[in-house]
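*Asks:* One file: model-v3.pdb (PDB, C-alpha atoms and all ligand atoms).
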```
ATOM      1  CA  MET A 218      88.523  99.798  87.957  1.00  0.00           C
ATOM      2  CA  GLU A 219      90.630 102.947  88.012  1.00  0.00           C
ATOM      3  CA  GLU A 220      87.782 104.895  89.494  1.00  0.00           C
ATOM      4  CA  ASP A 221      87.651 102.608  92.501  1.00  0.00           C
ATOM      5  CA  LYS A 222      90.758 104.271  93.863  1.00  0.00           C
ATOM      6  CA  ILE A 223      90.205 106.269  96.971  1.00  0.00           C
ATOM      7  CA  ARG A 224      91.700 109.725  96.722  1.00  0.00           C
ATOM      8  CA  ARG A 225      92.385 112.351  99.306  1.00  0.00           C
ATOM      9  CA  THR A 226      94.174 115.678  99.073  1.00  0.00           C
ATOM     10  CA  ARG A 227      95.772 115.147 102.462  1.00  0.00           C
ATOM     11  CA  LYS A 228      96.621 112.220 104.647  1.00  0.00           C
ATOM     12  CA  PRO A 229      93.316 111.098 106.138  1.00  0.00           C
ATOM     13  CA  ARG A 230      93.060 110.798 109.884  1.00  0.00           C
ATOM     14  CA  LYS A 231      90.894 107.741 109.578  1.00  0.00           C
ATOM     15  CA  CYS A 232      90.599 104.980 107.054  1.00  0.00           C
ATOM     16  CA  PRO A 233      87.600 105.660 104.803  1.00  0.00           C
ATOM     17  CA  LYS A 234      86.892 101.948 104.669  1.00  0.00           C
ATOM     18  CA  CYS A 235      87.331 100.547 108.166  1.00  0.00           C
ATOM     19  CA  GLY A 236      87.614 103.689 110.290  1.00  0.00           C
ATOM     20  CA  SER A 237      91.010 102.784 111.680  1.00  0.00           C
ATOM     21  CA  ASP A 238      93.362 105.627 112.526  1.00  0.00           C
ATOM     22  CA  ARG A 239      96.386 103.507 111.744  1.00  0.00           C
ATOM     23  CA  ILE A 240      97.244 105.211 108.485  1.00  0.00           C
ATOM     24  CA  ALA A 241     100.795 104.825 107.300  1.00  0.00           C
ATOM     25  CA  SER A 242     102.609 106.933 104.723  1.00  0.00           C
ATOM     26  CA  TYR A 243     104.253 105.223 101.800  1.00  0.00           C
ATOM     27  CA  LEU A 244     107.939 105.815 101.477  1.00  0.00           C
ATOM     28  CA  PHE A 245     109.322 105.294  98.005  1.00  0.00           C
ATOM     29  CA  GLY A 246     112.830 104.902  96.830  1.00  0.00           C
ATOM     30  CA  MET A 247     115.703 103.507  98.805  1.00  0.00           C
ATOM     31  CA  PRO A 248     115.386 104.975 102.263  1.00  0.00           C
ATOM     32  CA  MET A 249     118.218 105.585 104.650  1.00  0.00           C
ATOM     33  CA  PHE A 250     117.690 103.072 107.383  1.00  0.00           C
ATOM     34  CA  ASP A 251     118.174 104.559 110.769  1.00  0.00           C
ATOM     35  CA  GLU A 252     116.599 104.362 114.199  1.00  0.00           C
ATOM     36  CA  LYS A 253     113.845 106.797 113.391  1.00  0.00           C
ATOM     37  CA  LEU A 254     112.813 104.882 110.275  1.00  0.00           C
ATOM     38  CA  ASP A 255     112.901 101.641 112.237  1.00  0.00           C
ATOM     39  CA  ARG A 256     110.599 103.135 114.816  1.00  0.00           C
ATOM     40  CA  ASP A 257     108.239 104.505 112.209  1.00  0.00           C
ATOM     41  CA  LEU A 258     108.073 101.199 110.390  1.00  0.00           C
ATOM     42  CA  GLU A 259     107.449  99.325 113.593  1.00  0.00           C
ATOM     43  CA  ALA A 260     104.778 101.732 114.722  1.00  0.00           C
ATOM     44  CA  GLY A 261     103.027 101.488 111.369  1.00  0.00           C
ATOM     45  CA  ARG A 262     103.554 105.128 110.520  1.00  0.00           C
ATOM     46  CA  ILE A 263     105.497 104.283 107.390  1.00  0.00           C
ATOM     47  CA  VAL A 264     105.287 101.506 104.838  1.00  0.00           C
ATOM     48  CA  LEU A 265     107.865 100.927 102.181  1.00  0.00           C
ATOM     49  CA  GLY A 266     106.519 101.315  98.667  1.00  0.00           C
ATOM     50  CA  GLY A 267     109.472  99.954  96.770  1.00  0.00           C
ATOM     51  CA  CYS A 268     112.084 101.564  94.627  1.00  0.00           C
ATOM     52  CA  CYS A 269     110.069 102.143  91.483  1.00  0.00           C
ATOM     53  CA  VAL A 270     108.115 105.354  91.540  1.00  0.00           C
ATOM     54  CA  ALA A 271     105.192 105.699  89.172  1.00  0.00           C
ATOM     55  CA  ASP A 272     103.060 108.736  88.516  1.00  0.00           C
ATOM     56  CA  ASP A 273     100.125 107.447  90.460  1.00  0.00           C
ATOM     57  CA  ASP A 274     101.349 105.451  93.375  1.00  0.00           C
ATOM     58  CA  PRO A 275      99.287 105.287  96.518  1.00  0.00           C
ATOM     59  CA  ARG A 276     100.454 107.728  99.176  1.00  0.00           C
ATOM     60  CA  TRP A 277      98.996 106.248 102.293  1.00  0.00           C
ATOM     61  CA  LYS A 278      97.937 102.855 103.509  1.00  0.00           C
ATOM     62  CA  CYS A 279      95.618 101.662 106.221  1.00  0.00           C
ATOM     63  CA  THR A 280      97.650  99.165 108.181  1.00  0.00           C
ATOM     64  CA  ASP A 281      94.516  97.474 109.484  1.00  0.00           C
ATOM     65  CA  CYS A 282      92.627  96.687 106.276  1.00  0.00           C
ATOM     66  CA  GLU A 283      95.480  97.367 103.830  1.00  0.00           C
ATOM     67  CA  LEU A 284      93.477  99.916 101.887  1.00  0.00           C
ATOM     68  CA  ASP A 285      95.613 102.048  99.599  1.00  0.00           C
ATOM     69  CA  ILE A 286      94.774 105.731  99.488  1.00  0.00           C
ATOM     70  CA  TYR A 287      95.829 107.876  96.575  1.00  0.00           C
ATOM     71  CA  GLY A 288      96.497 111.563  96.279  1.00  0.00           C
ATOM     72  CA  THR A 289      94.307 113.743  94.130  1.00  0.00           C
ATOM     73  CA  GLU A 290      97.118 114.940  91.902  1.00  0.00           C
ATOM     74  CA  PRO A 291     100.224 113.392  90.447  1.00  0.00           C
ATOM     75  CA  ARG A 292     103.218 114.183  92.576  1.00  0.00           C
ATOM     76  CA  PHE A 293     105.351 115.557  89.808  1.00  0.00           C
TER      77      PHE A 293
HETATM   78 ZN    ZN A 301      91.258 100.471 106.945  1.00  0.00          ZN
END
```
Turn this file's structure into structure tokens for me.
*Replies:*
Amino acid sequence: MEEDKIRRTRKPRKCPKCGSDRIASYLFGMPMFDEKLDRDLEAGRIVLGGCCVADDDPRWKCTDCELDIYGTEPRF
């Protein structure tokens, strides 16, 4: 099952599954809510990933088909 994860070195311009260009970046931790974040959330540029950061969390998400996209290396 682990190998089913889709990995990219950089944020993809299009979803590898459905071809949508609505790819949002995950934001982990407790973000500072401000107008810019509100706009990004509303526009689907950012999705909140929660406060618990693991080694291998997805980095991006297709907001159309909800596909999670992982990075190729651990972040730390
Ligand atoms: Zn998609």
*Asks:* I'd like to know which of A:Pro248, A:Lys222, A:Cys232, A:Arg262 is closest to Asp281 of chain A, using all atoms listed in the file.
*Replies:*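 For Asp281 of chain A, the nearest of the given residues is A:Cys232.
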*Asks:* Atom CA of Phe245 of chain A to atom CA of Thr226 of chain A: how many Å, to one decimal?
*Replies:*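 Computing it gives 18.4 Å between the two atoms.
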*Asks:* Using only C-alpha atoms and all ligand atoms, which residues have at least one atom no more than 8 Å from ligand ZN 301 (chain A)? Output them as number ranges by chain.
*Replies:* A: 231-240, 278-284
*Asks:* Any chance you could resolve the PyMOL selection byres (((chain A and resi 267) around 8) and not hetatm) against this file and give the residues as a list in words?
*Replies:*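 Selected by the PyMOL selection byres (((chain A and resi 267) around 8) and not hetatm) here: Leu244, Phe245, Gly246, Met247, Leu265, Gly266, Cys268, Cys269 and Val270 of chain A.
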*Asks:* Separation of atom CA of Arg227 of chain A and atom CA of Lys253 of chain A, in Å?
*Replies:*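 Between atom CA of Arg227 of chain A and atom CA of Lys253 of chain A the gap works out to 22.7 Å.
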*Asks:* Counting all atoms listed in the file, figure out which residue out of A:Asp257, A:Tyr243, A:Asp285, A:Glu290 gets nearest to Asp272 of chain A.
*Replies:*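 Residue with the minimum atom-to-atom distance to Asp272 of chain A: A:Glu290.
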*Asks:* Can you turn the PyMOL selection byres (((chain A and resi 286) around 7) and not hetatm) into a concrete residue list for this file, as an mmCIF file with C-alpha atoms, in the frame of the given file?
*Replies:*
```
data_model
loop_
_atom_site.group_PDB
_atom_site.id
_atom_site.type_symbol
_atom_site.label_atom_id
_atom_site.label_comp_id
_atom_site.auth_asym_id
_atom_site.auth_seq_id
_atom_site.Cartn_x
_atom_site.Cartn_y
_atom_site.Cartn_z
ATOM 1 C CA ILE A 223 90.205 106.269 96.971
ATOM 2 C CA ARG A 224 91.700 109.725 96.722
ATOM 3 C CA PRO A 275 99.287 105.287 96.518
ATOM 4 C CA ARG A 276 100.454 107.728 99.176
ATOM 5 C CA TRP A 277 98.996 106.248 102.293
ATOM 6 C CA LYS A 278 97.937 102.855 103.509
ATOM 7 C CA LEU A 284 93.477 99.916 101.887
ATOM 8 C CA ASP A 285 95.613 102.048 99.599
ATOM 9 C CA TYR A 287 95.829 107.876 96.575
ATOM 10 C CA GLY A 288 96.497 111.563 96.279
#
```
*Asks:* Edge lengths and centre, in Å to one decimal, as lines of an AutoDock Vina configuration file: that's what I need for the box along x, y and z that holds all listed atoms of segment 220-229 of chain A plus 5 Å on each side.
*Replies:*
```
center_x = 92.1
center_y = 109.1
center_z = 97.8
size_x = 19.0
size_y = 23.1
size_z = 26.6
```
*Asks:* Atom CA of Arg230 of chain A and atom CA of Ser242 of chain A are how many Å apart?
*Replies:*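 For atom CA of Arg230 of chain A relative to atom CA of Ser242 of chain A, the distance reads 11.5 Å.
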